[in-house]
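Undergrad: This is the structure I want to talk about, given as structure tokens.
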Amino acid sequence: MSSKPYLSLDKISKTYALGREKFGGPERFLQAVDQISLDVPRGETLGLVGESGCGKSSLARLIMQLERPSSGAIAFDGVDPAGLNATELKAARQRFQMIFQDPYASLNPRMRARAIIAEALVNFRKGNAEEINRRVEELAIQVGLSSFHLDRFPHELSGGQCQRIGIARAIALSPDLIVADEPVSALDVSIQAQILNLIVRLQEEMGLTLVFISHDLSVVSHVADRVAVMYLGRIVELGKTADLFGRPAHPYTRTLLTAVPRPMPSSRGKRSRISGELPSPLNPPSGCHFRTRCSFADARCAAEVPVLRVIGGAQQAACHHAEDIQATLNQDEIETDNA
Amino acid sequence: MTAVSPHIDTGQNVLTVSNLSLEFSNSAGVVRALDDVSFAVRKGEILSLVGESGCGKSVTAMSIMGLLPRHGARIVSGSVRLGEQELLGASERTMRRVRGDRIGMIFQDPMTSLNPVHTIGMQIAEVVRQHRGLSGAAARARALEMLELVRIPDARNRLGAYPHELSGGMRQRVMIAMALACDPELLIADEPTTALDVTVQAQVLDLIADLRQNLGMSVIFITHDLGVVSSTADRMMVMYAGRIVEEAPVEKLFARPSHGYTAGLLQSLPGTQTRHRDVLAEIPGSVPRLDKVVEGCAYAPRCSFATGACLDPLPPPRRIEPEHSARCIHSETVFETIRNTDIVRAWA
Amino acid sequence: MTASCVAVLLFFVLVAIFAPLIAGDPIALNPAERLTSSSESAIWGRDHLGRDVFARAVYGTRTSMLVGFSVAGLTTLFGVAIGIYAGMSRIGGAVIMRLNDAMMAIPAILLAIALASLMNAGVVTVIIAITLPEIPRMVRLVRSVVLGVREQPYVAAATSIGTSGLAMVWRHILPNTLGPVLVQATYACASAIIASAVLSFLGVGTSPEVPSWGGMMADARSYFRIHPELMAYPGALLSMLVLVVNILGDRLSDALDPRKTRRGSL
Amino acid sequence: MLRYIVGRLLAAVPIFALVGIFIFSLVHLMPGDPAVLLAGDNANPKQVEKIRERLHLDQPVIVQFGIWAGNALQLDLGDSVYSNQPVTKLIAQRIEPTMMLAVVTLVITVLIAVPLGVIAAWRANGLADRLIMAFAVLGFSLPVFVIGYLLVYVFAVRLKWFPVQGYKPLEDGVLATLHSLTLPSVALALVFAALIARVTRASMLEALNENYTRTARAKGLGTFRILVVHALKSAGVPVITVIGIGFATLVGGVVVTESVFNIPGIGRLTVDAITRRDYPVVQGVILFFSALLILINLLVDLSYALFDPRVKG
Amino acid sequence: AETLRLRMNGDINTLDPIATTNFTIRNAAYLMYDTLFSMDANYEVQPQMAEGYTLSDDGLTYTITLRDGLKFHDGTPVTAADAVASLERWGKADGLGKTLFAKMASIAAPDDKTIVLKMNEPWGQVIPAIGKISSNIPVIMPAGMAANDPTDPVVTPIGSGPYKLVPEEWVPGSIAVFEKFEDYKPRSEPASMAAGGKVAHFDRVELVYIPDTATAVDALIAGEIDWIEEVPSDMIAFFDGVDSAKPIAARQSGNSMQLVVNHLNPPFDNPKIRKALQWSVEQTPFLQAAYGNATERYLECAAVFFCDTPYASDAGTEAVLTRDLDKAKALLEEGGYDGTPVLLMHVTDIPAHDAYYSVLKPMLEEAGFVVEEQITDWATVATRRASKEPVADGGWNLFFTGWGFVDQSNPMTNVYVAGACGDGWFGWACSEELQELRKKFADEMDPDVKKQLAEQMQVLTHDLVSYVPLGQSFPSQGIAANLEGFIESPVPFFWNVRRTQ
Ligand SMILES: Nc1ncnc2c1ncn2[C@@H]1O[C@H](COP(=O)(O)OP(=O)(O)OP(=O)(O)O)[C@@H](O)[C@H]1O
Ligand SMILES: Nc1ncnc2c1ncn2[C@@H]1O[C@H](COP(=O)(O)OP(=O)(O)OP(=O)(O)O)[C@@H](O)[C@H]1O
Ligand SMILES: [Mg+2]
Ligand SMILES: [Mg+2]
């Protein structure tokens with residue numbers, strides 16, 4: 001990695017206590033994020049993919065300081081917000097912002113768009129009412145909304161328009177980092193491209209560092225410089241977008257790539273079959289979490305947790321058999337036209 | 001790619017929908033949810049219905065099943081025939097005999113589509129008891145058979161399980177088992193995999209394809225995911241704002257998109273034809289509300305090909321080539337513009 | 001329907017406010033004319049002490065509305081304040097909810113009767129006696145709504161743009177809690193009116209000469225057979241007021257129910 | 001299951017303790033000498049002295065509470081100052097009528113309310129729905145004693161079908177008991193049923209709007225089966241919950257109904273004790289009803305398992 | 001088994017007629033207790049448990065013998081010692097009893113059958129006193145029970161009367177159940193008021209407490225109960241066209257209503273303020289409030305010894321019968337009334353009382369009194385009135401009560417003319433002069449002098465304001481049509497009553 005990381009995660013974990021299922025039963029814990037270490041350099045777009053429940057949003061909330069990690073440390077530009085007091089933390093919040101998965105639910109239904117966007121500016125006293133209002137109008141234009149949209153309530157706006165308001169709110173304080181948590185998954189296909197374009201454009205204009213979360217590989221491959229693949233709370237593979245999609249080293253990455261149906265003639269009837277059920281995150285398999293669905297799994301996979309290790313260039317994978325798998329990779333099986 | 005899958009009997013239509021128009025009315029006004037929808041499902045084929053949220057996919061399915069809400073929905077015109085039997089306007093008794101027996105249906109959200117307070121065994125068995133009049137034991141046996149058919153591991157012990165004890169993928173498979181328990185002629189799957197994870201979705205899609213092959217039923221497969229369509233369906237219909245705007249066998253449609261909306265969709269998909277971080281082709285505007293009946297093309301306001309003529313009353317579907325039709329007066333221009341994109345070239 | 005309910009409610013409010021202009025003295029006794037039916041001086045007749053039934057009914061509107069609205073108002077005020085605190089604070093919330101459970105384990109009407117009988121008879125006593133047991137219910141409701149609202153993405157969004165503390169409560173939590181609270185408040189209002197009647201009936205309500213519908217009905221029960229109108233007038237008024245408030249509560253809850261605005265699932 | 005019950009009972013202990021503290025302080029926090037207050041307005045100095053001794057009023061408040069609670073745990077709640085009888089005996093004498101009244105009311109309520117709620121939800125917004133809901137709102141809007149007097153007038157005084165007042169104990173035969181309880185139960189049930197019918201309708205509507213109902217219809221099931229087997233069972237939890245919560249309301253209703261119909265139950269005892277300022281009895285009765293409510297809530301919680309497998313212990 | 005169901009005006013919270021003068025308790029006591037002597041329909045005292053008595057020639061020694069075979073409900077025989085103990089207890093509580101014992105030298109039981117009562121001086125009222133018909137009636141109870149302090153009610157009462165209490169079925173606040181006492185031996189004479197043979201025709205008597213009078217009347221008409229002590233005049237109409245039950249107005253059961261004044265507590269410890277009270281009230285509104293226009297059912301009357309009786313008089317009644325607010329206010333001023341609140345214990349379970357309090361409150365307030373009202377029931381008042389404490393400690397200022405014809409018409413039993421101070425009846429009006437007059441009256445034999453003395457007593461009483469009379473009424477009982485054998489009496493008796501076939 002070239003520059004000093006802007007965002008740096010050091011072995012952070014998050015465990016949720018779920019209480020007891022029945023009286024007298026054991027207390028249950030869910031390890032949503034498991035020892036994740038990650039560096040994101042300034043200006044980079046990091047894609048984060050993985051199936052539902054693998055901990056993507058939890059990770060996003062940890063980064064956003066909406067929750068405290070159970071262990072590990074987060075640093076923005078070398079500073080860990082965990083060490084800040086309430087006032088300092090509030091001030092620090094200006095530097096990192098989030099775009100939420102559900103554009104409608106992330107807007108207070110009883111506030112008008114104008115107030116929603118203005119709230120951040122009000123919180124940090126960015127000028128008097130008039131200045132704030134002027135800024136809100138500017139932001140609206142920046143995200144492609146007209147000022148009449150600003151006087152509407154969220155339910156009077158379409159999903160795409162709601163997401164634009166969410167984006168305007170996120171950029172209002174000119175943050176350094178934006179975490180976009182599945183920003184298009186709730187939107188109609190024809191709107192998706194509008195929002196993706198908007199995010200990419202804003203990122204470039206503002207020189208943002210972007211963490212882009214999605215379960216849609218094609219979306220991630222479109223926007224990300226690097227991609228991290230998560231499975232049940234752990235990062236299983238991390239690398240440059242082209243490398244990772246071109247030469248996946250972890251069997252789960254491979255499974256994902258084949259499982260996603262793509263509107264290409266090559267994907268007709270050519271999927272490789274996936275066996276095994278998705279394990280419960282409450283009770284994940286020992287060792288490598290993926291071993292129950294993996295054709296390469298052996299005794300070692302059950303006994304030993306594979307660590308994320310460099311397997312060539314900038315590519316890292318958490319698999320005992322990564323090299324073998326990469327070697328046996330049959331290029332025909334995988335789409336390459338996204339590289 | 002063969003044009004037609006071997007298991008399709010082109011000569012026989014299981015279901016024929018013609019000129020179906022439907023309105024919802026409530027205090028806010030009238031919504032024309034379906035406008036002159038016609039199509040046929042052939043024996044053994046998977047017909048896919050694609051389109052964005054609110055375009056009328058589910059309503060189409062519900063009209064076929066006779067499950068439209070009692071109040072507010074009004075069928076303006078049209079007919080739905082299952083084989084020789086007219087379903088529109090049929091009595092509730094008749095429809096009850098059709099549902100679950102001759103037409104099975106599965107829904108988008110397997111998490112909530114199963115009744116949480118009954119065992120899955122009971123929920124499957126009750127279908128065959130209802131339609132086949134089987135005894136309790138026989139119905140249970142059938143339920144077990146179905147669970148095995150849809151590849152539920154340890155099926156015998158799962159009969160007594162409650163839905164919350166199963167994973168999402170297993171629940172969706174239970175739904176399929178339930179829909180197929182009476183060997184229906186037609187399976188309607190309304191976005192059956194939208195709520196599932198990609199790997200689980202792949203398993204379910206495989207299952208549906210296999211079952212179609214083994215049981216020889218017809219499937220209406222509703223989705224908004226073009227990837228799912230291309231990998232599963234034989235034929236597809238694209239819907240926009242209550243109308244079918246383009247219809248063709250899958251490979252023909254991808255190879256020669258002839259409606260502005262289809263073209264827009266294909267172009268705006270990331271990772272298909274663009275380079276990394278290129279600006280994607282956008283469809284401007286947003287999905288229309290249906291509360292105003294438009295005479296002309298509903299897509300025209302968002303369409304880059306639109307001309308004044310698009311606002312004139314819509315002509316009947318244009319035949320592009322055999323089995324391929326589109327409701328677009330500019331279909332030639334559309335195709336010409338898009339023919340060089342990666343995705344179309346890949347299919348051509 | 002809603003409009004006519006509002007009209008009726010408004011009518012009651014006006015009657016309560018302008019009672020002195022509408023009716024005569026509700027307390028003056030006239031034993032010589034006791035239990036007489038409608039006359040010029042008393043159009044709804046006189047009760048067993050010769051008091052003007054119409055005047056008592058009109059002034060009774062005051063008592064009932066005062067009780068109903070005060071209880072609803074106080075319950076909402078305290079319920080919302082305590083409930084939001086209980087919903088926002090972990091430890092404080094747990095303590096409050098324990099206390100709440102204990103309060104709720106005591107049947108409300110018993111608590112009300114006990115309180116009403118411990119204190120001196122009077123409208124204020126009745127209001128306090130009905131409000132106190134009503135508050136825990138409101139607290140519980142508010143807290144559960146707040147717990148839900150707190151998990152909403154828009155609250156996370158607000159946190160991430162630096163909203164916290166009172167601003168969070170004021171801008172985000174409170175407005176989104178108020179819907180169900182208002183509905184509950186209308187029910188509290190309606191049930192308080194009934195409860196005050198019941199207290200009067202049990203002899204622990206407002207003092208006997210203060211005109212209240214409940215007291216009138218309680219007095220009338222002995223004469224119910226011969227002078228049913230003595231119970232019918234206040235009974236009808238009470239039912240009408242409670243009905244109207246109930247219906248408005250229902251309407252409110254329908255109007256605030258997001259599902260009603262979303263489309264049906266079919 | 002047993003562990004669950006024991007656990008729930010244990011969880012009720014602190015609540016009950018708080019109720020105890022509350023009841024204790026009801027008298028002790030009032031201004032004035034608690035002994036005089038407890039002895040009632042009509043006590044002579046000797047009685048006051050007796051109470052002072054019994055409660056150890058010379059000791060610190062904590063000790064007093066300990067003694068009081070200790071006695072209460074041994075079911076010794078003191079003597080009524082009105083009749084000089086032990087409070088526990090007074091309560092025990094009157095449990096039967098109250099329990100019978102509550103049970104009969106509950107049965108009538110469920111028999112009336114649940115079918116009405118189901119029909120209303122099934123025919124949502126139709127005529128039947130409107131009528132049923134009109135009844136429900138009306139039932140809500142009438143004080144129970146008004147309904148009571150009306151019922152007495154029509155069915156006892158005019159038609160002479162039922163007794164005007166009073167309670168026939170079970171030893172006179174179940175039928176006699178039921179006969180004597182019909183009017184009071186119906187009066188109570190009308191109010192209570194209004195509540196249950198509303199909740200049944202609401203939760204049925206919710207269940208009918210659920211995706212699984214759509215599934216059931218798509219399976220071709222009959223209306224009855226959809227309503228009862230699928231929707232009603234799922235709607236059971238909220239309905240049961242409200243029946244539990246409503247029980248508290250029912251207690252309030254019982255107090256009034258017992259007065260109207262002159263049923264010698266705990267409700268009447270309560271009202272009498274309160275108007276007579278018979279504090280030992282008041283304390284005892286509140287304690288009794290609180291314990292009852294806690295018990296009912298436990299039963300309600302246990303019955304969830306009948307309706308919803310997700311809460312199986 | 002034949003059951004008689006009775007509804008009294010109040011509830012039974014004790015069965016000790018010595019500890020209270022409450023009429024409900026008195027009525028119930030007659031079921032289960034017996035007396036040595038009792039009054040017949042001619043107002044003459046006849047032996048009841050006594051076989052008879054002899055009076056020594058000096059008029060000082062009474063020797064009373066008990067009948068054979070008398071038994072208490074617990075099976076033990078009634079002895080003279082029991083009777084002596086019982087009389088002594090009564091003598092500590094009852095007004096007349098106190099007078100009797102004051103004049104008495106000794107009372108003793110030389111053997112099981114004989115009671116010897118020695119007086120200090122001859123006194124004509126000895127037998128009338130122990131034969132008195134109304135509260136407190138000198139009932140005979142086991143000596144053990146009689147050892148109880150008279151203010152402390154006995155908890156497990158035992159009598160020797162025709163019916164015995166069933167303690168297990170006694171639910172205070174609801175019902176008190178009595179069973180026929182098989183060992184009771186009625187006298188052979190026919191029943192005559194409280195005297196004569198008390199024959200129990202029912203196996204079971206239930207005193208049902210139905211607080212709501214309207215409900216009670218409906219229950220009577222429906223046949224659920226057999227008898228109601230008092231049917232309010234408003235409800236007489238309930239009986240129109242009903243043949244299952246009827247109201248019976250009996251002049252003999254006539255009552256007078258009184259407002260009793262506590263002379264111990266301020267403000268009424270001040271004679272001026274008592275007078276102010278007298279001027280503040282008048283009778284008509286009260287009577288109307290209770291009886292409406294049913295004028296045949298009431299009478300304005302300020303005669304201390306009842307109107308239409310030998311000692312009736314209108315001397316000194318002006319202040320009682322007229323209302324003069326100016327005089328009242330002036331007296332308040334003069335008496336230095338400082339706004340001390342007057343406690344009204346508003347009784348709601350007796351309709352007439354309920355109405356009376358509602359009338360009284362504005363009357364007092366108009367005159368300038370400060371009133372504090374407390375809602376309560378009769379049983380509470382009936383007990384609380386015994387307290388001599390200040391109001392704050394459970395005492396009282398005013399309450400309404402009624403006395404019957406029998407007690408009131410006799411200067412010896414009329415509690416208001418005793419002037420006996422702390423030893424007197426509630427209110428504790430204090431007047432040496434009155435005490436003297438009463439003594440004279442007791443010793444006087446000449447009817448004309450007696451009448452004069454009575455008139456003086458009346459004037460003094462009204463001057464003292466030991467109470468304010470509120471008029472006389474003739475309430476109706478409600479009786480099931482199939483009952484017969486009711487005894488004409490100011491106190492309701494239930495022996496001799498039977499059901500027609
Ligand atoms: N507050 C919480 N309490 C308990 N468990 C939680 C909580 N939040 C998340 N989880 C659990 O943690 C796991 C990871 O959740 P998370 O929301 O991070 O997943 P995700 O990858 O974002 O999934 P999705 O794609 O569905 O959004 C899930 O199993 C989830 O159920
Ligand atoms: N019960 C109803 N009342 C009124 N309008 C309805 C009702 N059901 C559906 N509609 C309208 O009919 C149109 C088509 O709805 P439909 O559910 O068929 O869309 P869909 O294509 O299935 O969308 P999705 O992808 O969101 O499931 C929508 O505009 C919707 O608003
Ligand atoms: Mg997520
Ligand atoms: Mg749909």
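Chain identifiers are assigned as A, B, and so on, following the order in which chains appear in the structure tokens; residues are numbered from 1 within each chain, and ligands are numbered from 1 in order of appearance.
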Give me the residues near A:Gly276 as a list in words, where near means some atom within 9 Å (using only C-alpha atoms) and where sequence neighbours in that chain fewer than 2 positions away do not count.

TA: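 My list of contacting residues is Ile274, Leu278, Pro279, Thr292, Arg293 and Cys294 of chain A.
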
Undergrad: Can you list, as a ChimeraX atom specification, all residues belonging to stretch 81-295 of chain A that DSSP tags as helix (DSSP H, G or I)?

TA: /A:81-83,86-95,113-123,129-142,147-151,154-156,159-171,189-206,217-223,241-246,251-259,265-267,291-293

Undergrad: What do you get as an NGL selection string if you pick all residues at most 7 Å from ligand 4, counting only C-alpha atoms and all ligand atoms?

TA: :B and (53-54 or 57-58 or 190)

Undergrad: Around ligand 1, which protein and nucleic acid residues have at least one atom no more than 10 Å from it, if we count only C-alpha atoms and all ligand atoms? List them as a PyMOL selection string.

TA: (chain A and resi 14-19+29-33+48-62+67+101-102+181-182+185+213-215+230-233+280-282) or (chain B and resi 195-197) or (chain C and resi 151)

Undergrad: Within 6 Å of chain D, which residues of chain E show up when using only C-alpha atoms, listed as an NGL selection string?

TA: :E and (13 or 174 or 219 or 376 or 383-384 or 394)

Undergrad: For B:Ile329, work out the shell of residues within 9 Å, counting only C-alpha atoms and skipping chain neighbours fewer than 4 positions away, then give it as a list in words.

TA: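 Surrounding residues, per the criterion: His259, Ala309, Cys310, Leu314, Pro315 and Arg318 of chain B.
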
Undergrad: Write out, as a compact mmCIF listing (two decimals), in the first residue's frame, the residues just selected, with N, CA and C atoms.

TA:
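Heads up, here's the output in result-v5.txt:
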# COMPACT_ATOMS: atom_id res chain seq x y z
N HIS B 259 -36.89 -2.34 -27.41
CA HIS B 259 -37.71 -1.33 -26.74
C HIS B 259 -36.79 -0.41 -25.98
N ALA B 309 -44.31 11.32 -31.58
CA ALA B 309 -45.21 10.24 -31.98
C ALA B 309 -45.40 9.25 -30.85
N CYS B 310 -44.44 9.20 -29.92
CA CYS B 310 -44.55 8.23 -28.83
C CYS B 310 -45.75 8.53 -27.93
N LEU B 314 -50.93 3.97 -28.22
CA LEU B 314 -49.97 2.91 -28.46
C LEU B 314 -50.46 1.95 -29.54
N PRO B 315 -49.62 1.70 -30.53
CA PRO B 315 -50.02 0.70 -31.54
C PRO B 315 -49.88 -0.69 -30.95
N ARG B 318 -45.24 -4.74 -31.96
CA ARG B 318 -44.60 -4.91 -33.27
C ARG B 318 -43.83 -6.20 -33.29

Undergrad: Hey, which residues sit close to ligand 2? Say within 6 Å, counting only C-alpha atoms and all ligand atoms, and write them as a tab-separated table (two decimals) with all heavy atoms, in the first residue's frame.

TA:
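Produced file selection_7.tsv, reproduced below:
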chain	number	residue	atom	x	y	z
B	24	PHE	N	-57.12	-0.45	-9.90
B	24	PHE	CA	-57.35	-0.34	-8.46
B	24	PHE	C	-57.95	1.02	-8.20
B	24	PHE	O	-57.49	2.01	-8.76
B	24	PHE	CB	-56.03	-0.42	-7.68
B	24	PHE	CG	-55.47	-1.80	-7.62
B	24	PHE	CD1	-54.35	-2.14	-8.35
B	24	PHE	CD2	-56.07	-2.76	-6.82
B	24	PHE	CE1	-53.83	-3.41	-8.29
B	24	PHE	CE2	-55.54	-4.03	-6.75
B	24	PHE	CZ	-54.42	-4.36	-7.49
B	33	ALA	N	-53.37	-0.69	-13.09
B	33	ALA	CA	-52.21	-1.50	-12.75
B	33	ALA	C	-51.82	-2.42	-13.91
B	33	ALA	O	-50.65	-2.76	-14.06
B	33	ALA	CB	-52.48	-2.33	-11.50
B	52	GLU	N	-39.60	-3.42	-13.20
B	52	GLU	CA	-39.25	-2.79	-11.95
B	52	GLU	C	-40.38	-2.89	-10.94
B	52	GLU	O	-41.51	-3.23	-11.26
B	52	GLU	CB	-38.88	-1.34	-12.20
B	52	GLU	CG	-37.60	-1.26	-13.00
B	52	GLU	CD	-37.10	0.15	-13.11
B	52	GLU	OE1	-36.60	0.64	-12.11
B	52	GLU	OE2	-37.25	0.74	-14.19
B	53	SER	N	-40.04	-2.50	-9.77
B	53	SER	CA	-41.01	-2.51	-8.68
B	53	SER	C	-42.25	-1.71	-9.07
B	53	SER	O	-42.14	-0.60	-9.58
B	53	SER	CB	-40.32	-1.90	-7.46
B	53	SER	OG	-41.27	-1.56	-6.51
B	54	GLY	N	-43.41	-2.32	-8.87
B	54	GLY	CA	-44.65	-1.61	-9.11
B	54	GLY	C	-45.12	-1.63	-10.55
B	54	GLY	O	-46.12	-1.00	-10.88
B	55	CYS	N	-44.45	-2.40	-11.41
B	55	CYS	CA	-44.86	-2.37	-12.81
B	55	CYS	C	-46.04	-3.30	-13.06
B	55	CYS	O	-46.62	-3.29	-14.15
B	55	CYS	CB	-43.70	-2.70	-13.72
B	55	CYS	SG	-43.20	-4.42	-13.63
B	56	GLY	N	-46.40	-4.12	-12.10
B	56	GLY	CA	-47.58	-4.95	-12.27
B	56	GLY	C	-47.31	-6.44	-12.35
B	56	GLY	O	-48.20	-7.22	-12.68
B	57	LYS	N	-46.14	-6.85	-11.99
B	57	LYS	CA	-45.81	-8.27	-12.08
B	57	LYS	C	-46.66	-9.09	-11.12
B	57	LYS	O	-47.30	-10.07	-11.52
B	57	LYS	CB	-44.32	-8.48	-11.75
B	57	LYS	CG	-43.38	-7.63	-12.58
B	57	LYS	CD	-41.92	-7.90	-12.27
B	57	LYS	CE	-41.49	-7.56	-10.86
B	57	LYS	NZ	-41.40	-6.15	-10.54
B	58	SER	N	-46.66	-8.68	-9.88
B	58	SER	CA	-47.41	-9.46	-8.90
B	58	SER	C	-48.89	-9.42	-9.17
B	58	SER	O	-49.60	-10.41	-9.00
B	58	SER	CB	-47.15	-8.92	-7.49
B	58	SER	OG	-45.80	-9.02	-7.17
B	59	VAL	N	-49.36	-8.26	-9.61
B	59	VAL	CA	-50.78	-8.15	-9.90
B	59	VAL	C	-51.18	-9.11	-11.00
B	59	VAL	O	-52.24	-9.74	-10.95
B	59	VAL	CB	-51.11	-6.68	-10.26
B	59	VAL	CG1	-52.48	-6.59	-10.90
B	59	VAL	CG2	-51.02	-5.80	-9.03
B	69	PRO	N	-57.39	-8.35	-4.15
B	69	PRO	CA	-58.19	-7.95	-2.99
B	69	PRO	C	-59.66	-7.78	-3.36
B	69	PRO	O	-59.98	-7.36	-4.46
B	69	PRO	CB	-57.56	-6.64	-2.54
B	69	PRO	CG	-56.64	-6.22	-3.61
B	69	PRO	CD	-56.29	-7.42	-4.40
B	290	LEU	N	-48.84	5.11	-11.46
B	290	LEU	CA	-49.80	4.66	-12.48
B	290	LEU	C	-51.14	5.37	-12.36
B	290	LEU	O	-52.11	4.95	-12.97
B	290	LEU	CB	-50.02	3.16	-12.34
B	290	LEU	CG	-48.73	2.33	-12.42
B	290	LEU	CD1	-49.03	0.88	-12.19
B	290	LEU	CD2	-48.07	2.52	-13.77
C	263	ARG	N	-49.69	0.15	0.66
C	263	ARG	CA	-50.70	-0.62	-0.05
C	263	ARG	C	-50.86	-1.98	0.58
C	263	ARG	O	-49.96	-2.46	1.28
C	263	ARG	CB	-50.33	-0.75	-1.52
C	263	ARG	CG	-48.97	-1.40	-1.71
C	263	ARG	CD	-48.79	-1.80	-3.14
C	263	ARG	NE	-48.19	-3.12	-3.15
C	263	ARG	CZ	-47.25	-3.50	-4.03
C	263	ARG	NH1	-46.88	-2.69	-4.97
C	263	ARG	NH2	-46.75	-4.70	-3.97
C	264	GLY	N	-51.98	-2.59	0.31
C	264	GLY	CA	-52.23	-3.92	0.85
C	264	GLY	C	-51.24	-4.91	0.29
C	264	GLY	O	-50.54	-4.64	-0.68
C	266	LEU	N	-51.75	-7.76	-1.04
C	266	LEU	CA	-52.14	-8.64	-2.16
C	266	LEU	C	-51.92	-7.97	-3.50
C	266	LEU	O	-52.16	-6.81	-3.65
C	266	LEU	CB	-53.61	-9.02	-2.03
C	266	LEU	CG	-53.90	-9.94	-0.86
C	266	LEU	CD1	-55.38	-10.30	-0.84
C	266	LEU	CD2	-53.08	-11.21	-0.94

Undergrad: Could you tell me how far atom CA of D:Gly253 lies from atom CA of E:Val217, in Å and to one decimal?

TA: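 We find that atom CA of D:Gly253 and atom CA of E:Val217 lie 23.8 Å from each other.
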